$ cat work.pdb   # PDB, C-alpha atoms, pLDDT in the B column
ATOM      1  CA  MET U   1       5.048  -1.877  14.396  1.00 47.00           C
ATOM      2  CA  ASN U   2       5.059  -0.924  10.706  1.00 58.00           C
ATOM      3  CA  ASN U   3       8.144   0.549   9.073  1.00 59.00           C
ATOM      4  CA  LEU U   4       7.909   3.994   7.524  1.00 56.00           C
ATOM      5  CA  SER U   5       7.713   3.553   3.756  1.00 65.00           C
ATOM      6  CA  LEU U   6       8.076   7.130   2.522  1.00 65.00           C
ATOM      7  CA  THR U   7      10.736   8.132   0.030  1.00 66.00           C
ATOM      8  CA  LEU U   8      12.791  11.247   0.780  1.00 68.00           C
ATOM      9  CA  THR U   9      10.823  13.224  -1.834  1.00 71.00           C
ATOM     10  CA  GLU U  10       7.493  12.194  -0.296  1.00 70.00           C
ATOM     11  CA  PHE U  11       8.695  13.076   3.201  1.00 74.00           C
ATOM     12  CA  GLN U  12       9.890  16.495   2.039  1.00 76.00           C
ATOM     13  CA  ARG U  13       6.565  17.122   0.299  1.00 75.00           C
ATOM     14  CA  LEU U  14       4.669  16.158   3.446  1.00 76.00           C
ATOM     15  CA  HIS U  15       6.879  18.451   5.561  1.00 79.00           C
ATOM     16  CA  LYS U  16       6.222  21.389   3.222  1.00 84.00           C
ATOM     17  CA  VAL U  17       2.464  20.819   3.275  1.00 81.00           C
ATOM     18  CA  PHE U  18       2.423  20.549   7.084  1.00 84.00           C
ATOM     19  CA  ALA U  19       4.511  23.717   7.497  1.00 88.00           C
ATOM     20  CA  THR U  20       2.413  25.676   4.996  1.00 89.00           C
ATOM     21  CA  LEU U  21      -0.884  24.703   6.628  1.00 88.00           C
ATOM     22  CA  THR U  22       0.491  25.549  10.083  1.00 89.00           C
ATOM     23  CA  VAL U  23       1.583  29.020   8.933  1.00 91.00           C
ATOM     24  CA  LEU U  24      -1.782  29.697   7.284  1.00 91.00           C
ATOM     25  CA  ALA U  25      -3.692  28.552  10.364  1.00 90.00           C
ATOM     26  CA  TRP U  26      -1.421  30.662  12.602  1.00 89.00           C
ATOM     27  CA  ALA U  27      -2.014  33.756  10.467  1.00 90.00           C
ATOM     28  CA  LEU U  28      -5.802  33.373  10.544  1.00 89.00           C
ATOM     29  CA  ILE U  29      -5.935  32.747  14.294  1.00 88.00           C
ATOM     30  CA  PHE U  30      -3.455  35.555  15.009  1.00 87.00           C
ATOM     31  CA  LEU U  31      -5.474  38.108  13.056  1.00 85.00           C
ATOM     32  CA  SER U  32      -8.690  37.108  14.826  1.00 85.00           C
ATOM     33  CA  GLN U  33      -6.998  37.280  18.251  1.00 80.00           C
ATOM     34  CA  TRP U  34      -5.225  40.579  17.603  1.00 77.00           C
ATOM     35  CA  GLN U  35      -7.701  42.520  15.493  1.00 74.00           C
ATOM     36  CA  LEU U  36     -11.075  41.197  16.626  1.00 70.00           C
ATOM     37  CA  MET U  37     -10.389  40.384  20.281  1.00 69.00           C
ATOM     38  CA  GLY U  38      -7.822  43.099  20.983  1.00 68.00           C
ATOM     39  CA  THR U  39      -5.188  40.738  22.426  1.00 72.00           C
ATOM     40  CA  ASP U  40      -1.663  42.177  22.547  1.00 77.00           C
ATOM     41  CA  PRO U  41       0.535  40.952  19.651  1.00 80.00           C
ATOM     42  CA  ILE U  42       2.967  38.831  21.718  1.00 82.00           C
ATOM     43  CA  THR U  43       0.221  36.963  23.569  1.00 83.00           C
ATOM     44  CA  ALA U  44      -1.842  36.626  20.396  1.00 82.00           C
ATOM     45  CA  GLY U  45       1.179  35.282  18.496  1.00 85.00           C
ATOM     46  CA  TRP U  46       1.955  32.599  21.092  1.00 86.00           C
ATOM     47  CA  ARG U  47      -1.656  31.517  21.508  1.00 85.00           C
ATOM     48  CA  SER U  48      -2.103  31.423  17.752  1.00 89.00           C
ATOM     49  CA  PHE U  49       0.996  29.275  17.275  1.00 88.00           C
ATOM     50  CA  THR U  50      -0.040  26.645  19.846  1.00 89.00           C
ATOM     51  CA  ALA U  51      -3.617  26.588  18.545  1.00 90.00           C
ATOM     52  CA  ALA U  52      -2.485  26.275  14.913  1.00 90.00           C
ATOM     53  CA  LEU U  53      -0.060  23.475  15.759  1.00 88.00           C
ATOM     54  CA  THR U  54      -2.783  21.570  17.635  1.00 89.00           C
ATOM     55  CA  ILE U  55      -5.355  21.987  14.860  1.00 89.00           C
ATOM     56  CA  ILE U  56      -3.007  20.969  12.039  1.00 86.00           C
ATOM     57  CA  THR U  57      -1.791  17.967  14.050  1.00 86.00           C
ATOM     58  CA  PHE U  58      -5.393  16.732  14.347  1.00 84.00           C
ATOM     59  CA  VAL U  59      -5.937  17.414  10.641  1.00 83.00           C
ATOM     60  CA  PHE U  60      -2.765  15.483   9.826  1.00 79.00           C
ATOM     61  CA  GLY U  61      -3.995  12.568  11.974  1.00 77.00           C
ATOM     62  CA  ALA U  62      -7.186  12.371   9.922  1.00 76.00           C
ATOM     63  CA  PHE U  63      -5.199  12.680   6.698  1.00 74.00           C
ATOM     64  CA  TYR U  64      -2.731   9.988   7.791  1.00 70.00           C
ATOM     65  CA  LYS U  65      -5.527   7.493   8.393  1.00 69.00           C
ATOM     66  CA  LEU U  66      -8.317   8.424   6.005  1.00 69.00           C
ATOM     67  CA  ALA U  67      -8.286  11.509   3.809  1.00 60.00           C
ATOM     68  CA  TRP U  68      -5.237  10.701   1.671  1.00 64.00           C
ATOM     69  CA  LYS U  69      -7.061   7.617   0.281  1.00 74.00           C
ATOM     70  CA  SER U  70      -9.069   9.980  -1.889  1.00 75.00           C
ATOM     71  CA  SER U  71      -7.776   9.523  -5.443  1.00 76.00           C
ATOM     72  CA  LEU U  72      -7.680  13.303  -5.912  1.00 77.00           C
ATOM     73  CA  ILE U  73      -5.517  13.839  -2.792  1.00 76.00           C
ATOM     74  CA  ALA U  74      -3.354  10.839  -3.698  1.00 76.00           C
ATOM     75  CA  ARG U  75      -2.546  12.397  -7.081  1.00 75.00           C
ATOM     76  CA  TRP U  76      -1.866  15.756  -5.443  1.00 75.00           C
ATOM     77  CA  MET U  77       0.543  14.170  -2.948  1.00 73.00           C
ATOM     78  CA  GLY U  78       2.127  11.932  -5.598  1.00 73.00           C
ATOM     79  CA  ARG U  79       1.586   8.712  -3.622  1.00 79.00           C
ATOM     80  CA  PRO U  80      -0.622   6.158  -5.434  1.00 86.00           C
ATOM     81  CA  ILE U  81      -3.162   4.075  -3.524  1.00 89.00           C
ATOM     82  CA  VAL U  82      -2.514   0.316  -3.284  1.00 93.00           C
ATOM     83  CA  HIS U  83      -4.623  -0.272  -0.161  1.00 93.00           C
ATOM     84  CA  GLY U  84      -7.099  -3.105  -0.611  1.00 93.00           C
ATOM     85  CA  VAL U  85      -7.711  -6.763  -1.332  1.00 95.00           C
ATOM     86  CA  TRP U  86      -6.062  -8.013  -4.526  1.00 96.00           C
ATOM     87  CA  ARG U  87      -6.737 -11.392  -6.114  1.00 94.00           C
ATOM     88  CA  GLY U  88      -4.904 -13.204  -8.866  1.00 93.00           C
ATOM     89  CA  VAL U  89      -2.497 -15.986  -9.731  1.00 92.00           C
ATOM     90  CA  LEU U  90       1.069 -16.921  -8.905  1.00 91.00           C
ATOM     91  CA  LEU U  91       3.047 -18.713 -11.643  1.00 90.00           C
ATOM     92  CA  SER U  92       5.947 -20.626 -10.091  1.00 86.00           C
ATOM     93  CA  ASP U  93       8.805 -22.682 -11.509  1.00 81.00           C
ATOM     94  CA  TYR U  94       8.683 -24.946  -8.406  1.00 71.00           C
ATOM     95  CA  LYS U  95       9.361 -28.462  -9.766  1.00 68.00           C
ATOM     96  CA  ARG U  96       8.053 -27.295 -13.151  1.00 65.00           C
ATOM     97  CA  SER U  97       9.482 -26.305 -16.512  1.00 61.00           C
ATOM     98  CA  LYS U  98       9.393 -22.723 -17.697  1.00 64.00           C
ATOM     99  CA  GLU U  99       6.843 -23.706 -20.363  1.00 66.00           C
ATOM    100  CA  ASN U 100       4.539 -25.360 -17.817  1.00 72.00           C
ATOM    101  CA  PRO U 101       4.634 -23.318 -14.566  1.00 75.00           C
ATOM    102  CA  LEU U 102       2.694 -24.159 -11.444  1.00 84.00           C
ATOM    103  CA  GLU U 103      -0.354 -21.870 -11.275  1.00 88.00           C
ATOM    104  CA  ILE U 104      -1.689 -21.038  -7.796  1.00 89.00           C
ATOM    105  CA  PRO U 105      -4.599 -18.740  -6.845  1.00 92.00           C
ATOM    106  CA  ILE U 106      -3.354 -16.092  -4.410  1.00 93.00           C
ATOM    107  CA  ILE U 107      -4.725 -13.211  -2.336  1.00 95.00           C
ATOM    108  CA  PHE U 108      -2.842 -10.064  -1.332  1.00 96.00           C
ATOM    109  CA  VAL U 109      -4.158  -7.899   1.498  1.00 96.00           C
ATOM    110  CA  ILE U 110      -2.374  -4.543   1.421  1.00 95.00           C
ATOM    111  CA  ARG U 111      -2.920  -2.102   4.271  1.00 92.00           C
ATOM    112  CA  GLN U 112      -1.685   1.397   3.603  1.00 89.00           C
ATOM    113  CA  THR U 113      -1.562   4.757   5.303  1.00 84.00           C
ATOM    114  CA  TYR U 114       0.380   7.733   4.003  1.00 81.00           C
ATOM    115  CA  LEU U 115       3.363   6.764   6.174  1.00 81.00           C
ATOM    116  CA  THR U 116       3.186   2.957   6.308  1.00 85.00           C
ATOM    117  CA  LEU U 117       2.565  -0.082   4.169  1.00 89.00           C
ATOM    118  CA  SER U 118       2.097  -3.778   4.943  1.00 93.00           C
ATOM    119  CA  ILE U 119       1.380  -6.805   2.759  1.00 95.00           C
ATOM    120  CA  GLU U 120      -0.121 -10.190   3.632  1.00 95.00           C
ATOM    121  CA  SER U 121      -0.432 -12.990   1.088  1.00 94.00           C
ATOM    122  CA  PHE U 122      -2.633 -16.081   1.275  1.00 93.00           C
ATOM    123  CA  THR U 123      -2.983 -19.276  -0.722  1.00 90.00           C
ATOM    124  CA  ASN U 124      -4.794 -22.444   0.334  1.00 87.00           C
ATOM    125  CA  SER U 125      -1.522 -23.873   1.754  1.00 83.00           C
ATOM    126  CA  GLN U 126       0.712 -20.970   2.773  1.00 87.00           C
ATOM    127  CA  GLU U 127       0.720 -17.521   4.319  1.00 89.00           C
ATOM    128  CA  GLY U 128       3.195 -14.687   3.892  1.00 92.00           C
ATOM    129  CA  GLU U 129       3.831 -11.265   5.321  1.00 93.00           C
ATOM    130  CA  SER U 130       6.111  -8.427   4.308  1.00 94.00           C
ATOM    131  CA  LYS U 131       9.023  -7.302   6.462  1.00 92.00           C
ATOM    132  CA  LEU U 132      10.203  -4.357   4.331  1.00 91.00           C
ATOM    133  CA  GLU U 133       8.132  -2.424   1.791  1.00 91.00           C
ATOM    134  CA  ALA U 134       8.606   0.473  -0.612  1.00 89.00           C
ATOM    135  CA  LEU U 135       6.243   2.200  -3.012  1.00 88.00           C
ATOM    136  CA  ILE U 136       8.472   3.796  -5.635  1.00 86.00           C
ATOM    137  CA  ARG U 137       7.209   6.263  -8.237  1.00 82.00           C
ATOM    138  CA  ASN U 138       9.366   7.273 -11.199  1.00 81.00           C
ATOM    139  CA  THR U 139       8.435  10.875 -11.979  1.00 76.00           C
ATOM    140  CA  ARG U 140      10.073  10.695 -15.415  1.00 81.00           C
ATOM    141  CA  THR U 141       8.004   7.739 -16.639  1.00 83.00           C
ATOM    142  CA  GLU U 142       5.110   8.114 -14.140  1.00 80.00           C
ATOM    143  CA  SER U 143       5.392   4.403 -13.351  1.00 88.00           C
ATOM    144  CA  THR U 144       4.884   3.032  -9.837  1.00 90.00           C
ATOM    145  CA  ARG U 145       6.460  -0.129  -8.435  1.00 93.00           C
ATOM    146  CA  LEU U 146       5.714  -1.940  -5.198  1.00 94.00           C
ATOM    147  CA  SER U 147       8.868  -3.618  -3.872  1.00 94.00           C
ATOM    148  CA  TYR U 148       8.943  -5.782  -0.772  1.00 94.00           C
ATOM    149  CA  VAL U 149      10.815  -8.430   1.216  1.00 94.00           C
ATOM    150  CA  PHE U 150       8.652 -11.175   2.696  1.00 94.00           C
ATOM    151  CA  GLU U 151       8.564 -14.280   4.868  1.00 91.00           C
ATOM    152  CA  LEU U 152       6.469 -17.185   3.639  1.00 84.00           C
ATOM    153  CA  LYS U 153       5.135 -19.976   5.864  1.00 77.00           C
ATOM    154  CA  ARG U 154       4.360 -23.198   4.032  1.00 70.00           C
ATOM    155  CA  TYR U 155       2.224 -25.999   5.426  1.00 60.00           C
ATOM    156  CA  TYR U 156       2.254 -29.313   3.586  1.00 55.00           C
ATOM    157  CA  GLY U 157       1.167 -32.152   5.873  1.00 52.00           C
ATOM    158  CA  SER U 158       3.689 -32.203   8.721  1.00 57.00           C
ATOM    159  CA  GLU U 159       6.040 -29.770   6.933  1.00 59.00           C
ATOM    160  CA  ASN U 160       6.474 -26.358   8.521  1.00 66.00           C
ATOM    161  CA  LYS U 161       8.892 -24.354   6.409  1.00 73.00           C
ATOM    162  CA  LEU U 162       9.887 -20.676   6.472  1.00 80.00           C
ATOM    163  CA  THR U 163      10.948 -19.122   3.164  1.00 85.00           C
ATOM    164  CA  ILE U 164      12.463 -15.689   2.577  1.00 91.00           C
ATOM    165  CA  GLY U 165      11.883 -13.814  -0.651  1.00 92.00           C
ATOM    166  CA  ALA U 166      11.423 -10.531  -2.459  1.00 94.00           C
ATOM    167  CA  GLY U 167       9.011  -9.214  -5.027  1.00 95.00           C
ATOM    168  CA  GLN U 168       8.571  -6.278  -7.350  1.00 95.00           C
ATOM    169  CA  LEU U 169       5.171  -5.443  -8.818  1.00 96.00           C
ATOM    170  CA  ARG U 170       4.221  -2.671 -11.211  1.00 96.00           C
ATOM    171  CA  LEU U 171       0.938  -0.788 -10.761  1.00 94.00           C
ATOM    172  CA  GLN U 172      -0.994  -0.801 -14.032  1.00 93.00           C
ATOM    173  CA  ASP U 173      -4.372  -0.346 -15.714  1.00 91.00           C
ATOM    174  CA  ASP U 174      -5.566   2.782 -13.884  1.00 87.00           C
ATOM    175  CA  ASN U 175      -4.162   1.497 -10.559  1.00 88.00           C
ATOM    176  CA  THR U 176      -6.285  -1.680 -10.592  1.00 92.00           C
ATOM    177  CA  VAL U 177      -3.634  -4.267 -11.544  1.00 95.00           C
ATOM    178  CA  LEU U 178      -0.352  -5.292  -9.912  1.00 96.00           C
ATOM    179  CA  ARG U 179       1.957  -7.357 -12.088  1.00 96.00           C
ATOM    180  CA  GLY U 180       5.551  -8.468 -11.684  1.00 96.00           C
ATOM    181  CA  SER U 181       7.991 -11.066 -10.398  1.00 94.00           C
ATOM    182  CA  TYR U 182       9.141 -12.639  -7.145  1.00 93.00           C
ATOM    183  CA  TRP U 183      12.173 -14.625  -5.994  1.00 92.00           C
ATOM    184  CA  THR U 184      12.775 -16.874  -2.963  1.00 90.00           C
ATOM    185  CA  ASN U 185      15.749 -18.542  -1.289  1.00 87.00           C
ATOM    186  CA  THR U 186      14.492 -22.092  -1.953  1.00 81.00           C
ATOM    187  CA  PRO U 187      15.382 -21.150  -4.798  1.00 81.00           C
ATOM    188  CA  THR U 188      12.254 -20.549  -6.863  1.00 84.00           C
ATOM    189  CA  HIS U 189      10.931 -17.601  -8.801  1.00 86.00           C
ATOM    190  CA  GLY U 190       7.880 -16.734 -10.811  1.00 89.00           C
ATOM    191  CA  GLU U 191       5.309 -14.174 -11.803  1.00 93.00           C
ATOM    192  CA  LEU U 192       2.370 -12.515 -10.073  1.00 94.00           C
ATOM    193  CA  ARG U 193      -0.671 -10.820 -11.544  1.00 93.00           C
ATOM    194  CA  LEU U 194      -3.247  -9.354  -9.180  1.00 95.00           C
ATOM    195  CA  LYS U 195      -6.535  -7.556  -9.750  1.00 94.00           C
ATOM    196  CA  LEU U 196      -8.003  -5.107  -7.224  1.00 94.00           C
ATOM    197  CA  MET U 197     -11.140  -6.583  -5.666  1.00 93.00           C
ATOM    198  CA  SER U 198     -11.990  -4.076  -2.934  1.00 92.00           C
ATOM    199  CA  ARG U 199     -10.524  -1.209  -0.928  1.00 91.00           C
ATOM    200  CA  ASP U 200     -12.073  -2.743   2.194  1.00 90.00           C
ATOM    201  CA  CYS U 201      -9.576  -5.045   3.966  1.00 90.00           C
ATOM    202  CA  GLU U 202     -11.556  -5.367   7.179  1.00 90.00           C
ATOM    203  CA  GLY U 203     -11.818  -8.979   8.334  1.00 91.00           C
ATOM    204  CA  VAL U 204      -9.827 -10.508   5.459  1.00 93.00           C
ATOM    205  CA  ASP U 205      -7.288 -12.450   7.503  1.00 92.00           C
ATOM    206  CA  CYS U 206      -7.023 -15.814   5.732  1.00 91.00           C
ATOM    207  CA  TYR U 207      -7.539 -17.489   2.354  1.00 91.00           C
ATOM    208  CA  GLU U 208     -10.907 -18.982   3.298  1.00 91.00           C
ATOM    209  CA  VAL U 209     -12.398 -15.595   4.203  1.00 93.00           C
ATOM    210  CA  ALA U 210     -11.158 -14.053   0.955  1.00 90.00           C
ATOM    211  CA  GLU U 211     -12.532 -17.027  -0.987  1.00 89.00           C
ATOM    212  CA  ARG U 212     -15.983 -16.451   0.474  1.00 89.00           C
ATOM    213  CA  ARG U 213     -15.996 -12.680  -0.043  1.00 90.00           C
ATOM    214  CA  PHE U 214     -14.315 -12.584  -3.437  1.00 86.00           C
ATOM    215  CA  PRO U 215     -15.191 -15.559  -5.691  1.00 79.00           C
ATOM    216  CA  ALA U 216     -12.289 -17.338  -7.408  1.00 70.00           C
ATOM    217  CA  GLU U 217     -10.952 -15.645 -10.506  1.00 53.00           C
ATOM    218  CA  ARG U 218      -8.350 -16.719 -13.033  1.00 46.00           C
ATOM    219  CA  ILE U 219      -6.149 -13.920 -14.406  1.00 50.00           C
ATOM    220  CA  SER U 220      -4.073 -14.269 -17.555  1.00 49.00           C
ATOM    221  CA  LEU U 221      -0.481 -13.051 -17.495  1.00 46.00           C
ATOM    222  CA  GLN U 222      -0.147 -12.663 -21.243  1.00 48.00           C
ATOM    223  CA  GLY U 223      -0.280  -8.870 -21.191  1.00 43.00           C
ATOM    224  CA  PRO U 224      -1.282  -5.827 -19.154  1.00 40.00           C
ATOM    225  CA  SER U 225      -4.636  -5.548 -20.917  1.00 38.00           C
ATOM    226  CA  SER U 226      -5.568  -9.219 -20.576  1.00 41.00           C
ATOM    227  CA  ALA U 227      -9.110  -9.808 -19.437  1.00 37.00           C
ATOM    228  CA  VAL U 228     -10.119 -11.234 -16.091  1.00 41.00           C
ATOM    229  CA  THR U 229     -12.605 -14.062 -16.455  1.00 37.00           C
ATOM    230  CA  GLN U 230     -14.930 -15.351 -13.796  1.00 39.00           C
ATOM    231  CA  ASN U 231     -14.873 -19.083 -13.074  1.00 37.00           C
ATOM    232  CA  GLU U 232     -18.115 -20.873 -12.567  1.00 35.00           C
ATOM    233  CA  ASN U 233     -18.570 -22.393  -9.115  1.00 33.00           C
TER     234      ASN U 233
END
$ encode --input "work.pdb" --output "structure tokens"
Amino acid sequence: MNNLSLTLTEFQRLHKVFATLTVLAWALIFLSQWQLMGTDPITAGWRSFTAALTIITFVFGAFYKLAWKSSLIARWMGRPIVHGVWRGVLLSDYKRSKENPLEIPIIFVIRQTYLTLSIESFTNSQEGESKLEALIRNTRTESTRLSYVFELKRYYGSENKLTIGAGQLRLQDDNTVLRGSYWTNTPTHGELRLKLMSRDCEGVDCYEVAERRFPAERISLQGPSSAVTQNEN
């Protein structure tokens, strides 16, 4: 089961929208029941309330799963979209100097609804999944950061190792780039830069599948406007 990943401000905004829509739906249904159908006010009020609550609950269900992924609605609700398949590179200090980091191609699969968020990561030798996630938007600077705690499973020959870590990525370049740092308890740390490949996560459940669907790319970490260049196969 996914954890709820709403901030208090986002939850309050959602509550206000739900309450407002319910009141508007109740008013419309009440007027049609009372004025057009001649139902007495008490009966019309009760029927209108139950009908409005049912209708808005169904509408909220559609919004929760689908509608909020519209960029227009996402801006209106103040919750940026990070759902999708992201591809890039991980620069690690594992057994390397700071001037010569280990560079590893990596895939992030982020599944998002308005209430929940989950992250899977894949390389050719390890898999990770998030345990806690938060999408934090600073209204003063209009910056958005994706923070998460993860478990990483590493497979090297007969080695089967579980690593715990945390990451913080900033959403950049018109919401198409995630860039930031990560830390683990091994201890290692490094940088991540990811480019949005697709909003469609369906069926992307391992590195090999992502490799087939989204050809290998090498992403520079020199700056937020650095170009993404396609490798030749």
$ resolve_selection --input "work.pdb" --expression "the PyMOL selection byres ((chain U and resi 92) around 12)" --output "PDB file with C-alpha atoms, in the frame of the given file"
ATOM      1  CA  VAL U  89      -2.497 -15.986  -9.731  1.00 92.00           C
ATOM      2  CA  LEU U  90       1.069 -16.921  -8.905  1.00 91.00           C
ATOM      3  CA  LEU U  91       3.047 -18.713 -11.643  1.00 90.00           C
ATOM      4  CA  ASP U  93       8.805 -22.682 -11.509  1.00 81.00           C
ATOM      5  CA  TYR U  94       8.683 -24.946  -8.406  1.00 71.00           C
ATOM      6  CA  LYS U  95       9.361 -28.462  -9.766  1.00 68.00           C
ATOM      7  CA  ARG U  96       8.053 -27.295 -13.151  1.00 65.00           C
ATOM      8  CA  SER U  97       9.482 -26.305 -16.512  1.00 61.00           C
ATOM      9  CA  LYS U  98       9.393 -22.723 -17.697  1.00 64.00           C
ATOM     10  CA  GLU U  99       6.843 -23.706 -20.363  1.00 66.00           C
ATOM     11  CA  ASN U 100       4.539 -25.360 -17.817  1.00 72.00           C
ATOM     12  CA  PRO U 101       4.634 -23.318 -14.566  1.00 75.00           C
ATOM     13  CA  LEU U 102       2.694 -24.159 -11.444  1.00 84.00           C
ATOM     14  CA  GLU U 103      -0.354 -21.870 -11.275  1.00 88.00           C
ATOM     15  CA  ILE U 104      -1.689 -21.038  -7.796  1.00 89.00           C
ATOM     16  CA  PRO U 105      -4.599 -18.740  -6.845  1.00 92.00           C
ATOM     17  CA  ILE U 106      -3.354 -16.092  -4.410  1.00 93.00           C
ATOM     18  CA  SER U 181       7.991 -11.066 -10.398  1.00 94.00           C
ATOM     19  CA  TYR U 182       9.141 -12.639  -7.145  1.00 93.00           C
ATOM     20  CA  TRP U 183      12.173 -14.625  -5.994  1.00 92.00           C
ATOM     21  CA  THR U 184      12.775 -16.874  -2.963  1.00 90.00           C
ATOM     22  CA  THR U 186      14.492 -22.092  -1.953  1.00 81.00           C
ATOM     23  CA  PRO U 187      15.382 -21.150  -4.798  1.00 81.00           C
ATOM     24  CA  THR U 188      12.254 -20.549  -6.863  1.00 84.00           C
ATOM     25  CA  HIS U 189      10.931 -17.601  -8.801  1.00 86.00           C
ATOM     26  CA  GLY U 190       7.880 -16.734 -10.811  1.00 89.00           C
ATOM     27  CA  GLU U 191       5.309 -14.174 -11.803  1.00 93.00           C
ATOM     28  CA  LEU U 192       2.370 -12.515 -10.073  1.00 94.00           C
ATOM     29  CA  ARG U 193      -0.671 -10.820 -11.544  1.00 93.00           C
TER      30      ARG U 193
END
$ residues_around --input "work.pdb" --residues "range 162-166 of chain U" --least-positions-apart "4" --cutoff "6 Å" --atoms "only C-alpha atoms" --output "ChimeraX atom specification"
/U:148-153,182-185
$ residues_around --input "work.pdb" --residues "Arg111 in chain U" --least-positions-apart "2" --cutoff "12 Å" --atoms "only C-alpha atoms" --output "JSON, numbers by chain"
{"U": [2, 65, 66, 69, 81, 82, 83, 84, 85, 86, 108, 109, 113, 114, 115, 116, 117, 118, 119, 120, 121, 129, 130, 133, 198, 199, 200, 201, 202, 203, 204, 205]}
$ axis_aligned_box --input "work.pdb" --around "range 71-79 of chain U" --padding-each-side "3 Å" --output "JSON"
{"center_x": -2.8, "center_y": 12.2, "center_z": -4.9, "size_x": 15.9, "size_y": 13.0, "size_z": 10.3}
$ resolve_selection --input "work.pdb" --expression "the PyMOL selection byres ((chain U and resi 144) around 10)" --output "list of chain:residue names"
U:Arg79, U:Pro80, U:Leu135, U:Ile136, U:Arg137, U:Asn138, U:Thr139, U:Thr141, U:Glu142, U:Ser143, U:Arg145, U:Leu146, U:Ser147, U:Leu169, U:Arg170, U:Leu171, U:Gln172, U:Asn175, U:Leu178
$ closest_residue --input "work.pdb" --among "U:Phe214, U:Phe11, U:Tyr207, U:Phe58" --to "Glu127 in chain U" --atoms "all atoms listed in the file"
U:Tyr207
$ closest_residue --input "work.pdb" --among "U:Ala52, U:Ser70, U:Ser32, U:Ile107" --to "Thr20 in chain U" --atoms "all atoms listed in the file"
U:Ala52
$ atom_distance --input "work.pdb" --atom1 "CA of Ile55 in chain U" --atom2 "CA of Leu36 in chain U"
20.1 Å
$ atom_distance --input "work.pdb" --atom1 "CA of Arg75 in chain U" --atom2 "CA of Gln168 in chain U"
21.7 Å
$ atom_distance --input "work.pdb" --atom1 "CA of Met197 in chain U" --atom2 "CA of Phe122 in chain U"
14.5 Å
$ resolve_selection --input "work.pdb" --expression "the PyMOL selection byres ((chain U and resi 21) around 12)" --output "VMD selection string"
chain U and resid 14 to 20 22 to 28 49 52 to 60
$ closest_residue --input "work.pdb" --among "U:Gly128, U:Thr43, U:Ala51, U:Phe63" --to "Cys206 in chain U" --atoms "all atoms listed in the file"
U:Gly128
$ closest_residue --input "work.pdb" --among "U:Gln112, U:Val177, U:Ile29, U:Trp34" --to "Thr50 in chain U" --atoms "only C-alpha atoms"
U:Ile29
$ build_atoms --input "work.pdb" --residues "range 120-130 of chain U" --atoms "N, CA, C and O atoms" --output "JSON list (two decimals), in the frame of the given file"
[["chain", "number", "residue", "atom", "x", "y", "z"],
["U", 120, "GLU", "N", 0.08, -8.79, 3.28],
["U", 120, "GLU", "CA", -0.12, -10.19, 3.63],
["U", 120, "GLU", "C", -0.52, -10.94, 2.37],
["U", 120, "GLU", "O", -1.27, -10.41, 1.54],
["U", 121, "SER", "N", -0.04, -12.16, 2.23],
["U", 121, "SER", "CA", -0.43, -12.99, 1.09],
["U", 121, "SER", "C", -0.98, -14.32, 1.60],
["U", 121, "SER", "O", -0.52, -14.85, 2.61],
["U", 122, "PHE", "N", -1.98, -14.83, 0.88],
["U", 122, "PHE", "CA", -2.63, -16.08, 1.27],
["U", 122, "PHE", "C", -2.88, -16.96, 0.05],
["U", 122, "PHE", "O", -3.36, -16.49, -0.98],
["U", 123, "THR", "N", -2.51, -18.24, 0.19],
["U", 123, "THR", "CA", -2.98, -19.28, -0.72],
["U", 123, "THR", "C", -3.64, -20.34, 0.15],
["U", 123, "THR", "O", -3.69, -20.21, 1.37],
["U", 124, "ASN", "N", -4.12, -21.42, -0.47],
["U", 124, "ASN", "CA", -4.79, -22.44, 0.33],
["U", 124, "ASN", "C", -3.82, -23.28, 1.16],
["U", 124, "ASN", "O", -4.25, -24.10, 1.97],
["U", 125, "SER", "N", -2.48, -23.07, 1.00],
["U", 125, "SER", "CA", -1.52, -23.87, 1.75],
["U", 125, "SER", "C", -0.40, -23.07, 2.39],
["U", 125, "SER", "O", 0.45, -23.65, 3.06],
["U", 126, "GLN", "N", -0.39, -21.75, 2.21],
["U", 126, "GLN", "CA", 0.71, -20.97, 2.77],
["U", 126, "GLN", "C", 0.29, -19.52, 3.01],
["U", 126, "GLN", "O", -0.62, -19.01, 2.37],
["U", 127, "GLU", "N", 0.97, -18.91, 3.97],
["U", 127, "GLU", "CA", 0.72, -17.52, 4.32],
["U", 127, "GLU", "C", 2.04, -16.76, 4.32],
["U", 127, "GLU", "O", 3.08, -17.30, 4.69],
["U", 128, "GLY", "N", 1.99, -15.51, 3.91],
["U", 128, "GLY", "CA", 3.20, -14.69, 3.89],
["U", 128, "GLY", "C", 2.92, -13.30, 4.43],
["U", 128, "GLY", "O", 1.77, -12.84, 4.43],
["U", 129, "GLU", "N", 3.96, -12.65, 4.88],
["U", 129, "GLU", "CA", 3.83, -11.26, 5.32],
["U", 129, "GLU", "C", 5.12, -10.51, 5.00],
["U", 129, "GLU", "O", 6.21, -11.08, 5.02],
["U", 130, "SER", "N", 4.95, -9.23, 4.67],
["U", 130, "SER", "CA", 6.11, -8.43, 4.31],
["U", 130, "SER", "C", 6.86, -7.97, 5.54],
["U", 130, "SER", "O", 6.27, -7.74, 6.60]]
